>>> print(open('structure25.csv').read())   # CSV, C-alpha atoms (C1' of nucleotides)
chain,number,residue,atom,x,y,z
A,1,MET,CA,0.0,0.0,0.0
A,2,PRO,CA,1.5,3.3,-1.1
A,3,PRO,CA,1.7,6.1,1.6
A,4,HIS,CA,-1.0,8.1,-0.3
A,5,PRO,CA,-3.6,6.0,-2.1
A,6,PHE,CA,-5.6,8.0,-4.6
A,7,PRO,CA,-8.7,9.4,-2.9
A,8,THR,CA,-11.2,8.1,-5.4
A,9,GLU,CA,-14.3,8.4,-3.3
A,10,LYS,CA,-13.5,11.9,-2.2
A,11,LEU,CA,-13.1,12.9,-5.8
A,12,ARG,CA,-16.4,11.2,-6.7
A,13,ASP,CA,-18.2,12.9,-3.9
A,14,TRP,CA,-16.9,16.3,-4.9
A,15,PHE,CA,-17.9,15.7,-8.5
A,16,ARG,CA,-21.4,14.7,-7.6
A,17,LYS,CA,-21.9,18.0,-5.8
A,18,ASN,CA,-20.0,20.2,-8.2
A,19,LYS,CA,-20.4,18.9,-11.7
A,20,ARG,CA,-21.5,21.5,-14.2
A,21,ASP,CA,-24.6,20.9,-16.3
A,22,LEU,CA,-23.1,20.8,-19.7
A,23,PRO,CA,-25.0,19.9,-22.9
A,24,TRP,CA,-22.9,16.8,-23.7
A,25,ARG,CA,-23.5,15.5,-20.2
A,26,ARG,CA,-27.2,15.1,-20.9
A,27,ASP,CA,-26.6,12.7,-23.8
A,28,ARG,CA,-24.1,9.9,-23.5
A,29,ARG,CA,-24.5,8.4,-26.9
A,30,PRO,CA,-21.2,7.6,-28.5
A,31,TYR,CA,-21.8,10.2,-31.2
A,32,SER,CA,-22.5,13.0,-28.7
A,33,VAL,CA,-19.4,12.1,-26.8
A,34,TRP,CA,-17.4,12.0,-30.0
A,35,VAL,CA,-18.6,15.4,-31.3
A,36,SER,CA,-18.1,17.0,-27.9
A,37,GLU,CA,-14.6,15.5,-27.4
A,38,ILE,CA,-13.4,16.7,-30.8
A,39,MET,CA,-14.8,20.2,-30.2
A,40,LEU,CA,-13.1,20.3,-26.8
A,41,GLN,CA,-9.7,19.5,-28.1
A,42,GLN,CA,-7.6,22.5,-27.2
A,43,THR,CA,-10.8,24.5,-26.7
A,44,ARG,CA,-12.5,25.8,-23.6
A,45,VAL,CA,-15.9,24.5,-22.5
A,46,ASP,CA,-17.4,28.0,-22.7
A,47,GLN,CA,-16.3,28.4,-26.3
A,48,ALA,CA,-17.4,25.0,-27.4
A,49,GLU,CA,-20.8,25.0,-25.8
A,50,GLY,CA,-22.7,27.1,-28.3
A,51,TYR,CA,-21.0,25.3,-31.2
A,52,TYR,CA,-22.0,22.0,-29.8
A,53,ARG,CA,-25.7,22.9,-29.5
A,54,ARG,CA,-25.8,24.2,-33.0
A,55,PHE,CA,-23.9,21.3,-34.4
A,56,MET,CA,-26.1,18.7,-32.8
A,57,GLU,CA,-29.1,20.5,-34.1
A,58,LEU,CA,-27.7,20.4,-37.6
A,59,PHE,CA,-26.2,17.0,-37.5
A,60,PRO,CA,-28.1,15.0,-34.8
A,61,ASP,CA,-26.5,11.6,-35.6
A,62,VAL,CA,-23.7,10.0,-37.5
A,63,GLY,CA,-25.9,9.5,-40.5
A,64,ALA,CA,-26.8,13.2,-40.7
A,65,LEU,CA,-23.2,14.2,-40.5
A,66,ALA,CA,-22.1,11.6,-43.0
A,67,GLN,CA,-24.7,12.8,-45.4
A,68,ALA,CA,-24.0,16.5,-45.1
A,69,PRO,CA,-21.7,18.3,-47.5
A,70,LEU,CA,-18.3,19.3,-46.1
A,71,ASP,CA,-19.1,23.0,-46.7
A,72,GLN,CA,-22.0,22.8,-44.3
A,73,VAL,CA,-19.8,21.2,-41.6
A,74,LEU,CA,-17.1,23.8,-42.0
A,75,LYS,CA,-19.7,26.5,-41.8
A,76,ALA,CA,-20.9,25.1,-38.5
A,77,TRP,CA,-17.3,25.0,-37.3
A,78,GLU,CA,-16.5,28.6,-38.5
A,79,GLY,CA,-14.7,30.5,-35.7
A,80,LEU,CA,-13.9,27.5,-33.6
A,81,GLY,CA,-10.5,26.9,-35.1
A,82,TYR,CA,-8.4,23.9,-35.8
A,83,TYR,CA,-10.5,23.2,-38.8
A,84,ARG,CA,-8.9,19.9,-39.6
A,85,ARG,CA,-11.1,18.7,-36.7
A,86,ALA,CA,-14.2,19.4,-38.7
A,87,LEU,CA,-12.8,17.7,-41.8
A,88,HIS,CA,-11.8,14.6,-39.8
A,89,LEU,CA,-15.1,14.5,-38.0
A,90,HIS,CA,-16.9,14.5,-41.3
A,91,GLN,CA,-14.5,11.9,-42.8
A,92,GLY,CA,-14.9,9.9,-39.7
A,93,ALA,CA,-18.7,9.9,-40.0
A,94,ARG,CA,-18.4,8.7,-43.5
A,95,LEU,CA,-16.0,6.0,-42.4
A,96,VAL,CA,-18.3,4.9,-39.7
A,97,ARG,CA,-21.2,4.7,-42.1
A,98,GLN,CA,-19.1,2.8,-44.6
A,99,ASP,CA,-17.1,0.4,-42.4
A,100,HIS,CA,-19.1,0.0,-39.3
A,101,GLY,CA,-22.7,0.1,-40.4
A,102,GLY,CA,-23.3,3.6,-39.0
A,103,GLU,CA,-22.4,2.4,-35.4
A,104,ILE,CA,-19.4,4.0,-33.6
A,105,PRO,CA,-17.1,1.1,-32.7
A,106,SER,CA,-16.7,0.2,-29.0
A,107,ASP,CA,-13.1,-1.1,-29.2
A,108,TYR,CA,-9.9,0.9,-28.9
A,109,ASN,CA,-8.2,-0.4,-32.0
A,110,ARG,CA,-11.0,0.6,-34.3
A,111,LEU,CA,-11.7,3.9,-32.7
A,112,ILE,CA,-8.1,5.0,-33.0
A,113,GLN,CA,-8.3,4.5,-36.7
A,114,ILE,CA,-11.0,7.1,-37.1
A,115,PRO,CA,-9.4,10.4,-38.2
A,116,GLY,CA,-9.1,12.9,-35.4
A,117,ILE,CA,-9.5,10.3,-32.7
A,118,GLY,CA,-6.3,9.8,-30.7
A,119,ARG,CA,-5.6,8.0,-27.5
A,120,SER,CA,-7.4,10.4,-25.2
A,121,THR,CA,-10.5,10.9,-27.3
A,122,ALA,CA,-10.7,7.1,-27.7
A,123,GLY,CA,-10.5,6.8,-24.0
A,124,ALA,CA,-13.2,9.4,-23.6
A,125,ILE,CA,-15.6,7.6,-26.0
A,126,LEU,CA,-14.9,4.2,-24.4
A,127,SER,CA,-15.3,5.3,-20.8
A,128,LEU,CA,-18.0,7.9,-21.1
A,129,ALA,CA,-20.2,6.2,-23.7
A,130,PHE,CA,-19.4,2.5,-23.3
A,131,ASN,CA,-18.4,2.5,-19.6
A,132,ARG,CA,-15.2,0.7,-20.4
A,133,PRO,CA,-12.1,1.3,-18.3
A,134,PHE,CA,-9.9,3.4,-20.5
A,135,PRO,CA,-8.1,6.5,-19.2
A,136,ILE,CA,-8.3,10.1,-20.6
A,137,LEU,CA,-5.2,12.3,-20.6
A,138,ASP,CA,-6.1,15.9,-21.4
A,139,GLY,CA,-4.6,19.1,-20.1
A,140,ASN,CA,-6.7,18.9,-17.0
A,141,VAL,CA,-5.7,15.4,-16.1
A,142,LYS,CA,-2.1,16.1,-16.9
A,143,ARG,CA,-2.1,19.0,-14.5
A,144,VAL,CA,-3.9,17.2,-11.7
A,145,LEU,CA,-1.7,14.1,-11.9
A,146,SER,CA,1.5,16.1,-12.3
A,147,ARG,CA,0.7,17.8,-9.0
A,148,PHE,CA,-0.7,14.8,-7.1
A,149,TYR,CA,2.3,12.6,-8.0
A,150,HIS,CA,4.8,15.6,-8.2
A,151,ILE,CA,6.0,14.9,-11.7
A,152,THR,CA,8.7,17.5,-12.3
A,153,ARG,CA,9.9,16.5,-15.8
A,154,PRO,CA,8.8,18.8,-18.6
A,155,LEU,CA,5.4,17.9,-19.9
A,156,ASP,CA,6.4,17.8,-23.5
A,157,GLN,CA,8.9,14.9,-23.1
A,158,SER,CA,7.8,11.5,-24.2
A,159,GLU,CA,9.0,10.0,-21.0
A,160,THR,CA,6.7,12.3,-19.1
A,161,GLY,CA,3.8,11.4,-21.3
A,162,LYS,CA,4.4,7.7,-20.6
A,163,THR,CA,4.4,8.3,-16.9
A,164,LEU,CA,1.2,10.3,-17.0
A,165,TRP,CA,-0.6,7.7,-19.1
A,166,GLN,CA,0.6,5.1,-16.6
A,167,LYS,CA,-0.7,7.1,-13.7
A,168,ALA,CA,-4.0,7.9,-15.4
A,169,ALA,CA,-4.5,4.1,-16.0
A,170,ALA,CA,-3.4,3.3,-12.4
A,171,VAL,CA,-5.9,5.6,-10.7
A,172,LEU,CA,-8.8,4.5,-12.9
A,173,PRO,CA,-11.3,2.4,-11.1
A,174,GLU,CA,-13.0,-0.6,-12.7
A,175,LYS,CA,-16.4,0.6,-11.7
A,176,LYS,CA,-17.8,3.7,-13.4
A,177,PRO,CA,-14.6,4.7,-15.1
A,178,GLY,CA,-16.5,7.3,-17.2
A,179,SER,CA,-17.7,9.4,-14.3
A,180,PHE,CA,-14.3,9.1,-12.7
A,181,ASN,CA,-12.5,10.4,-15.8
A,182,GLU,CA,-15.0,13.2,-16.0
A,183,ALA,CA,-14.4,14.0,-12.3
A,184,LEU,CA,-10.7,14.2,-12.9
A,185,MET,CA,-11.2,16.6,-15.8
A,186,GLU,CA,-13.7,18.7,-13.9
A,187,LEU,CA,-11.4,19.0,-11.0
A,188,GLY,CA,-8.7,20.4,-13.3
A,189,ALA,CA,-11.2,22.7,-14.9
A,190,LEU,CA,-12.7,24.1,-11.7
A,191,ILE,CA,-10.3,23.7,-8.8
A,192,CYS,CA,-6.8,22.6,-9.8
A,193,LEU,CA,-6.2,25.6,-12.1
A,194,PRO,CA,-2.9,26.4,-13.8
A,195,LYS,CA,-2.2,29.5,-11.8
A,196,ASP,CA,-4.4,28.7,-8.8
A,197,PRO,CA,-4.3,25.2,-7.4
A,198,GLY,CA,-7.2,25.8,-5.0
A,199,CYS,CA,-5.8,23.3,-2.6
A,200,ALA,CA,-8.0,24.5,0.2
A,201,ARG,CA,-11.1,23.3,-1.7
A,202,CYS,CA,-9.5,20.3,-3.3
A,203,PRO,CA,-10.8,16.8,-2.6
A,204,LEU,CA,-7.4,15.4,-3.4
A,205,ARG,CA,-5.5,17.7,-1.0
A,206,LYS,CA,-4.8,14.9,1.5
A,207,GLY,CA,-2.4,12.9,-0.7
A,208,CYS,CA,-1.3,15.6,-3.2
A,209,GLN,CA,2.5,15.7,-3.2
A,210,ALA,CA,2.7,19.1,-4.8
A,211,ARG,CA,0.4,20.6,-2.1
A,212,ILE,CA,2.5,18.9,0.6
A,213,LYS,CA,5.7,20.3,-0.9
A,214,GLY,CA,4.0,23.7,-1.6
A,215,ASP,CA,5.0,24.0,-5.2
A,216,ALA,CA,1.7,23.2,-7.0
A,217,THR,CA,1.8,26.4,-8.9
A,218,GLU,CA,5.1,25.3,-10.5
A,219,LEU,CA,3.6,22.2,-11.9
A,220,PRO,CA,3.3,20.9,-14.5
A,221,VAL,CA,6.6,22.1,-15.9
A,222,LYS,CA,6.6,23.3,-19.5
A,223,LYS,CA,9.4,24.2,-21.7
A,224,PRO,CA,9.6,27.9,-22.5
A,225,ALA,CA,7.5,28.9,-25.5
A,226,LYS,CA,9.2,29.9,-28.6
A,227,LYS,CA,8.9,33.4,-30.0
A,228,ILE,CA,6.3,33.8,-32.6
A,229,PRO,CA,7.1,35.4,-35.9
A,230,HIS,CA,5.1,38.1,-37.5
A,231,PHE,CA,4.2,38.3,-41.2
A,232,ASP,CA,2.6,40.9,-43.4
A,233,VAL,CA,0.0,39.3,-45.6
A,234,THR,CA,-2.0,40.9,-48.4
A,235,ALA,CA,-5.5,40.1,-49.6
A,236,ALA,CA,-7.5,41.3,-52.6
A,237,VAL,CA,-11.1,42.4,-52.6
A,238,ILE,CA,-11.8,42.1,-56.3
A,239,ARG,CA,-15.2,43.4,-57.3
A,240,LYS,CA,-17.0,43.0,-60.6
A,241,ALA,CA,-20.6,43.6,-61.4
A,242,GLY,CA,-21.6,43.9,-57.8
A,243,LYS,CA,-19.9,40.6,-56.9
A,244,ILE,CA,-16.7,39.8,-55.0
A,245,LEU,CA,-14.2,37.1,-55.8
A,246,ILE,CA,-13.5,34.6,-53.0
A,247,THR,CA,-11.3,31.6,-53.2
A,248,ARG,CA,-11.2,28.3,-51.3
A,249,ARG,CA,-8.0,27.2,-49.5
A,250,PRO,CA,-6.6,23.7,-50.1
A,251,GLU,CA,-8.0,21.0,-47.8
A,252,LYS,CA,-4.7,20.4,-46.2
A,253,GLY,CA,-2.8,22.9,-44.0
A,254,LEU,CA,-3.7,26.1,-42.3
A,255,LEU,CA,-7.4,27.0,-42.5
A,256,GLY,CA,-8.0,24.0,-44.8
A,257,GLY,CA,-11.2,24.2,-46.8
A,258,LEU,CA,-12.1,27.7,-45.7
A,259,TRP,CA,-12.9,30.5,-48.1
A,260,GLU,CA,-10.9,33.8,-48.1
A,261,PHE,CA,-10.0,36.8,-50.1
A,262,PRO,CA,-7.1,35.7,-52.2
A,263,GLY,CA,-3.6,36.9,-51.4
A,264,GLY,CA,-0.5,35.8,-49.5
A,265,LYS,CA,2.6,36.6,-47.5
A,266,GLN,CA,4.9,39.5,-48.3
A,267,GLN,CA,8.4,38.6,-49.2
A,268,PRO,CA,11.5,40.6,-48.1
A,269,GLY,CA,12.0,43.8,-50.1
A,270,GLU,CA,8.6,43.6,-51.7
A,271,THR,CA,5.9,46.2,-51.6
A,272,LEU,CA,2.5,45.2,-50.5
A,273,GLU,CA,1.1,46.0,-54.0
A,274,ALA,CA,3.7,43.9,-55.7
A,275,CYS,CA,3.1,41.1,-53.2
A,276,LEU,CA,-0.6,41.1,-54.0
A,277,LYS,CA,-0.1,41.1,-57.7
A,278,ARG,CA,2.4,38.3,-57.4
A,279,GLU,CA,0.2,36.1,-55.2
A,280,ILE,CA,-2.8,36.5,-57.3
A,281,THR,CA,-0.9,35.6,-60.4
A,282,GLU,CA,0.7,32.6,-58.7
A,283,GLU,CA,-2.6,31.3,-57.3
A,284,LEU,CA,-5.1,32.3,-59.9
A,285,ALA,CA,-3.1,33.0,-63.1
A,286,ILE,CA,-4.7,36.4,-63.6
A,287,GLU,CA,-3.4,39.9,-63.5
A,288,ILE,CA,-5.0,42.5,-61.3
A,289,THR,CA,-4.9,46.2,-60.7
A,290,VAL,CA,-4.3,47.1,-57.1
A,291,GLY,CA,-6.4,50.0,-56.0
A,292,GLU,CA,-7.1,51.7,-52.7
A,293,PRO,CA,-6.0,50.1,-49.5
A,294,PHE,CA,-9.0,49.0,-47.5
A,295,LEU,CA,-8.8,47.5,-44.0
A,296,GLN,CA,-5.8,46.3,-42.0
A,297,VAL,CA,-6.4,43.4,-39.6
A,298,ARG,CA,-4.0,42.1,-37.0
A,299,HIS,CA,-4.5,38.5,-36.1
A,300,ALA,CA,-2.7,35.9,-34.1
A,301,TYR,CA,-2.6,32.2,-35.0
A,302,SER,CA,-1.2,29.5,-32.8
A,303,HIS,CA,2.4,29.8,-34.1
A,304,PHE,CA,2.6,33.2,-35.9
A,305,LYS,CA,1.0,36.5,-36.2
A,306,ILE,CA,0.0,38.5,-39.2
A,307,THR,CA,-1.1,41.9,-40.3
A,308,LEU,CA,-3.6,41.4,-43.1
A,309,HIS,CA,-3.5,44.3,-45.6
A,310,THR,CA,-6.5,44.3,-47.8
A,311,PHE,CA,-6.9,46.3,-51.1
A,312,PHE,CA,-9.7,47.0,-53.5
A,313,CYS,CA,-8.6,45.5,-56.8
A,314,ARG,CA,-9.8,45.0,-60.3
A,315,HIS,CA,-9.5,42.0,-62.5
A,316,ARG,CA,-7.4,43.2,-65.4
A,317,LYS,CA,-6.4,40.3,-67.6
A,318,GLY,CA,-6.6,36.6,-67.9
A,319,ARG,CA,-8.9,33.7,-67.1
A,320,ILE,CA,-8.9,32.3,-63.6
A,321,GLN,CA,-7.2,29.0,-63.2
A,322,LYS,CA,-7.2,27.0,-60.0
A,323,ILE,CA,-3.5,26.8,-59.3
A,324,GLY,CA,-3.0,27.3,-55.6
A,325,ILE,CA,-6.6,27.1,-54.6
A,326,GLN,CA,-9.3,24.5,-54.4
A,327,ASP,CA,-12.1,26.6,-55.9
A,328,TYR,CA,-13.3,30.1,-56.5
A,329,ARG,CA,-16.6,31.9,-56.7
A,330,TRP,CA,-18.0,35.3,-57.5
A,331,VAL,CA,-20.6,36.1,-54.8
A,332,LYS,CA,-22.9,38.9,-53.8
A,333,PRO,CA,-21.9,40.6,-50.5
A,334,GLU,CA,-25.0,39.2,-48.7
A,335,GLU,CA,-24.0,35.7,-49.8
A,336,LEU,CA,-20.6,35.9,-48.0
A,337,ASN,CA,-22.3,34.7,-44.9
A,338,HIS,CA,-23.1,31.4,-46.5
A,339,TYR,CA,-19.4,30.5,-46.6
A,340,ALA,CA,-16.9,29.6,-43.8
A,341,PHE,CA,-14.2,32.2,-43.5
A,342,PRO,CA,-11.2,32.6,-41.1
A,343,ARG,CA,-11.6,35.1,-38.4
A,344,ALA,CA,-9.4,37.7,-40.1
A,345,ASP,CA,-11.4,37.6,-43.3
A,346,ARG,CA,-14.6,37.8,-41.2
A,347,ARG,CA,-13.5,41.1,-39.9
A,348,VAL,CA,-13.0,42.3,-43.4
A,349,ILE,CA,-16.5,41.2,-44.4
A,350,GLU,CA,-18.0,42.9,-41.4
A,351,ARG,CA,-16.5,46.2,-42.5
A,352,LEU,CA,-17.4,45.5,-46.1
A,353,THR,CA,-21.0,45.0,-45.4
A,354,GLU,CA,-21.6,47.0,-42.3
A,355,HIS,CA,-23.8,49.6,-44.1
A,356,GLY,CA,-25.9,47.0,-45.7
A,357,HIS,CA,-24.2,47.4,-49.0
A,358,LEU,CA,-20.7,47.8,-50.3
A,359,PRO,CA,-19.2,51.2,-49.7
A,360,PHE,CA,-18.6,53.0,-53.0
A,361,ARG,CA,-15.0,53.2,-54.1
A,362,PRO,CA,-13.8,54.8,-57.3
A,363,GLN,CA,-12.5,52.1,-59.6
A,364,ARG,CA,-9.4,53.3,-61.1
A,365,GLY,CA,-6.1,51.9,-62.2
B,1,DA,C1',11.3,14.9,-30.5
B,2,DA,C1',9.5,18.8,-32.7
B,3,DT,C1',6.2,21.2,-35.2
B,4,DA,C1',1.6,22.4,-37.4
B,5,DC,C1',-2.7,23.5,-36.3
B,6,DG,C1',-7.3,28.8,-34.4
B,7,DG,C1',-9.4,31.3,-31.6
B,8,DG,C1',-10.8,33.3,-27.3
B,9,DG,C1',-10.4,34.5,-22.6
B,10,DG,C1',-7.8,35.2,-18.3
B,11,DT,C1',-4.0,37.6,-15.9
C,1,DA,C1',2.4,40.4,-23.7
C,2,DC,C1',2.0,35.7,-22.2
C,3,DC,C1',-0.5,31.6,-20.9
C,4,DC,C1',-3.6,27.9,-21.6
C,5,DC,C1',-7.3,25.3,-23.2
C,6,DA,C1',-11.5,17.8,-22.6
C,7,DG,C1',-5.1,16.8,-28.5
C,8,DT,C1',-4.0,14.8,-33.0
C,9,DA,C1',-1.3,14.2,-37.1
C,10,DT,C1',2.7,14.8,-39.5
C,11,DT,C1',7.5,15.2,-40.1
>>> encode(input="structure25.csv", output="structure tokens")
Amino acid sequence: MPPHPFPTEKLRDWFRKNKRDLPWRRDRRPYSVWVSEIMLQQTRVDQAEGYYRRFMELFPDVGALAQAPLDQVLKAWEGLGYYRRALHLHQGARLVRQDHGGEIPSDYNRLIQIPGIGRSTAGAILSLAFNRPFPILDGNVKRVLSRFYHITRPLDQSETGKTLWQKAAAVLPEKKPGSFNEALMELGALICLPKDPGCARCPLRKGCQARIKGDATELPVKKPAKKIPHFDVTAAVIRKAGKILITRRPEKGLLGGLWEFPGGKQQPGETLEACLKREITEELAIEITVGEPFLQVRHAYSHFKITLHTFFCRHRKGRIQKIGIQDYRWVKPEELNHYAFPRADRRVIERLTEHGHLPFRPQRG
DNA sequence: AATACGGGGGT
DNA sequence: ACCCCAGTATT
């Protein structure tokens, strides 16, 4: 018997009294667990909640999701970020329909093969929906276990990951593993916070090594973040006959599958105008005239920042070819809301349409 | 082992 | 400004 057995019952008691009423807790179907877990990857509960409700309204079951066009799924995901999640979820629904008769599998090896489902999400689906004893290791659980067992090695080392998975499996009870996993996550979300361990209110305080040592706020240890580069990016608002040209990004990579105003990153020694002309020619094989600057938007992604410089432009010459884009479309301003755009482009659209119509701009060379 | 991948909210 | 979030896939 170790000196500090894990206080499972204390955690369960605390959870029973303090659990939040969240939409995905009212529905433990594998599909609901799946959707919510994907949405909650690297995403706060508060941010995911509204998206989850709308998503379940639009796509109430695997069949509905599999049947829906990807555009509609991306539109439902717009603003939530990490758009590959939406693509994978959609692909996953089609795979479940095709390979599993529309039923989400209840075994680890099959779950892990569904795109977007990794070890932790598989553990969530297995424990929460199927009541099978598989651990979850998300940011909350990592923090709680790092502190309880006083794990001082940096979180992003593979050895640390192995240790944490081992602990998560070791503390997992055979009975009701799902609610136990939830309780562990909820503790990390409500009490054992990154900058405030809340030890006085914590049901695990008795055996927690970090509390005993008094260094809970130092754990878990993370390597220092790298500096984030900044780029200047241009985008063209090309108008013709009351319509605007929008292009669709490739399915892979940043903002995959989303629509945007075409453009790209400024190169060293290049003017913004030259950058825009070059990018448009490279991606669409047409020549444009760059007119008045419109809006500048500053925006932060996860690993770089940009200033987006937009310009009103005119299509001068050539026929559009889909070189660096997946698709393109000429749309009326009011139709822009039917498409999924990145946040930065959304800001441009807001300004573009805020008087109910496009502001007049002289069209000159 | 390191990096790509969004957006929002707290401090 | 910096940190972090119910992580996964790719390199």
>>> axis_aligned_box(input="structure25.csv", around="chain C", padding_each_side="3 Å", output="JSON")
{"center_x": -2.0, "center_y": 27.3, "center_z": -30.5, "size_x": 25.0, "size_y": 32.2, "size_z": 25.2}
>>> residues_around(input="structure25.csv", residues="DC5 in chain B", least_positions_apart="6", cutoff="12 Å", atoms="all atoms listed in the file", output="PyMOL selection string")
(chain A and resi 41-42+81-85+252-256+301-304) or (chain C and resi 7-10)
>>> closest_atom_pairs(input="structure25.csv", of="chain B", to="chain A", cutoff="8 Å", atoms="all atoms listed in the file", output="JSON lines")
{"residue": "B:DA1", "atom": "C1'", "partner": "A:Gln157", "partner_atom": "CA", "distance": 7.8}
{"residue": "B:DA4", "atom": "C1'", "partner": "A:Gly253", "partner_atom": "CA", "distance": 7.9}
{"residue": "B:DC5", "atom": "C1'", "partner": "A:Tyr82", "partner_atom": "CA", "distance": 5.7}
{"residue": "B:DG6", "atom": "C1'", "partner": "A:Gly81", "partner_atom": "CA", "distance": 3.8}
{"residue": "B:DG7", "atom": "C1'", "partner": "A:Gly81", "partner_atom": "CA", "distance": 5.7}
{"residue": "B:DG8", "atom": "C1'", "partner": "A:Gln47", "partner_atom": "CA", "distance": 7.4}
>>> closest_residue(input="structure25.csv", among="A:Pro333, A:Pro23, A:Pro197, A:Gly92", to="Leu245 in chain A", atoms="only C-alpha atoms")
A:Pro333
>>> atom_distance(input="structure25.csv", atom1="CA of Ala235 in chain A", atom2="CA of Ala86 in chain A")
25.0 Å
>>> atom_distance(input="structure25.csv", atom1="CA of Glu182 in chain A", atom2="CA of Val73 in chain A")
27.2 Å
>>> atom_distance(input="structure25.csv", atom1="CA of Ser179 in chain A", atom2="CA of Pro135 in chain A")
11.2 Å
>>> closest_residue(input="structure25.csv", among="A:Gly257, A:Gly263, A:Gly116, A:Pro220", to="chain C", atoms="only C-alpha atoms (C1' of nucleotides)")
A:Gly116
>>> residues_around(input="structure25.csv", residues="DC3 in chain C", least_positions_apart="6", cutoff="12 Å", atoms="all atoms listed in the file", output="VMD selection string")
(chain A and resid 194 to 195 222 224 to 225) or (chain B and resid 9 to 11)
>>> write_last_selection(input="structure25.csv", atoms="C-alpha atoms (C1' of nucleotides)", output="tab-separated table (two decimals), in the coordinates of the input")
chain	number	residue	atom	x	y	z
A	194	PRO	CA	-2.90	26.40	-13.80
A	195	LYS	CA	-2.20	29.50	-11.80
A	222	LYS	CA	6.60	23.30	-19.50
A	224	PRO	CA	9.60	27.90	-22.50
A	225	ALA	CA	7.50	28.90	-25.50
B	9	DG	C1'	-10.40	34.50	-22.60
B	10	DG	C1'	-7.80	35.20	-18.30
B	11	DT	C1'	-4.00	37.60	-15.90
>>> closest_residue(input="structure25.csv", among="A:Ala48, A:Leu111, A:Leu193, A:Leu145", to="Thr217 in chain A", atoms="all atoms listed in the file")
A:Leu193
>>> closest_residue(input="structure25.csv", among="A:His355, A:Arg329, A:Arg119, A:His315", to="chain C", atoms="all atoms listed in the file")
A:Arg119
>>> residues_around(input="structure25.csv", residues="Ser146 in chain A", least_positions_apart="5", cutoff="8 Å", atoms="all atoms listed in the file", output="list in words")
Ile151, Thr152, Leu164, Leu219 and Pro220 of chain A
>>> write_last_selection(input="structure25.csv", atoms="C-alpha atoms", output="PDB file, keeping the file's coordinate frame")
ATOM      1  CA  ILE A 151       6.000  14.900 -11.700  1.00  0.00           C
ATOM      2  CA  THR A 152       8.700  17.500 -12.300  1.00  0.00           C
ATOM      3  CA  LEU A 164       1.200  10.300 -17.000  1.00  0.00           C
ATOM      4  CA  LEU A 219       3.600  22.200 -11.900  1.00  0.00           C
ATOM      5  CA  PRO A 220       3.300  20.900 -14.500  1.00  0.00           C
TER       6      PRO A 220
END
>>> closest_residue(input="structure25.csv", among="A:Phe130, A:Phe312, A:Tyr52, A:Phe6", to="Leu204 in chain A", atoms="only C-alpha atoms")
A:Phe6
>>> residues_around(input="structure25.csv", residues="DA6 in chain C", least_positions_apart="5", cutoff="10 Å", atoms="all atoms listed in the file", output="list of chain:residue names")
A:Ser36, A:Glu37, A:Ile38, A:Met39, A:Leu40, A:Gln41, A:Gln42, A:Thr43, A:Arg44, A:Val45, A:Ser120, A:Thr121, A:Ala124, A:Ile136, A:Leu137, A:Asp138, A:Gly139, A:Asn140, A:Val141, A:Glu182, A:Met185, A:Glu186, A:Ala189
>>> build_atoms(input="structure25.csv", residues="range 109-119 of chain A", atoms="N, CA and C atoms", output="PDB file, in the coordinates of the input")
ATOM      1  N   ASN A 109      -8.938  -0.301 -30.802  1.00  0.00           N
ATOM      2  CA  ASN A 109      -8.200  -0.400 -32.000  1.00  0.00           C
ATOM      3  C   ASN A 109      -8.951   0.155 -33.255  1.00  0.00           C
ATOM      4  N   ARG A 110     -10.259   0.002 -33.224  1.00  0.00           N
ATOM      5  CA  ARG A 110     -11.000   0.600 -34.300  1.00  0.00           C
ATOM      6  C   ARG A 110     -11.247   2.064 -34.152  1.00  0.00           C
ATOM      7  N   LEU A 111     -11.468   2.478 -32.925  1.00  0.00           N
ATOM      8  CA  LEU A 111     -11.700   3.900 -32.700  1.00  0.00           C
ATOM      9  C   LEU A 111     -10.475   4.739 -33.105  1.00  0.00           C
ATOM     10  N   ILE A 112      -9.305   4.223 -32.757  1.00  0.00           N
ATOM     11  CA  ILE A 112      -8.100   5.000 -33.000  1.00  0.00           C
ATOM     12  C   ILE A 112      -7.808   5.169 -34.476  1.00  0.00           C
ATOM     13  N   GLN A 113      -8.478   4.367 -35.293  1.00  0.00           N
ATOM     14  CA  GLN A 113      -8.300   4.500 -36.700  1.00  0.00           C
ATOM     15  C   GLN A 113      -9.184   5.529 -37.370  1.00  0.00           C
ATOM     16  N   ILE A 114     -10.124   6.032 -36.607  1.00  0.00           N
ATOM     17  CA  ILE A 114     -11.000   7.100 -37.100  1.00  0.00           C
ATOM     18  C   ILE A 114     -10.237   8.401 -37.083  1.00  0.00           C
ATOM     19  N   PRO A 115     -10.209   9.133 -38.181  1.00  0.00           N
ATOM     20  CA  PRO A 115      -9.400  10.400 -38.200  1.00  0.00           C
ATOM     21  C   PRO A 115      -9.851  11.350 -37.120  1.00  0.00           C
ATOM     22  N   GLY A 116      -8.878  11.915 -36.446  1.00  0.00           N
ATOM     23  CA  GLY A 116      -9.100  12.900 -35.400  1.00  0.00           C
ATOM     24  C   GLY A 116      -9.280  12.281 -34.020  1.00  0.00           C
ATOM     25  N   ILE A 117      -9.434  10.946 -33.951  1.00  0.00           N
ATOM     26  CA  ILE A 117      -9.500  10.300 -32.700  1.00  0.00           C
ATOM     27  C   ILE A 117      -8.182   9.711 -32.280  1.00  0.00           C
ATOM     28  N   GLY A 118      -7.585  10.277 -31.258  1.00  0.00           N
ATOM     29  CA  GLY A 118      -6.300   9.800 -30.700  1.00  0.00           C
ATOM     30  C   GLY A 118      -6.565   9.005 -29.452  1.00  0.00           C
ATOM     31  N   ARG A 119      -5.509   8.806 -28.722  1.00  0.00           N
ATOM     32  CA  ARG A 119      -5.600   8.000 -27.500  1.00  0.00           C
ATOM     33  C   ARG A 119      -6.568   8.504 -26.488  1.00  0.00           C
TER      34      ARG A 119
END
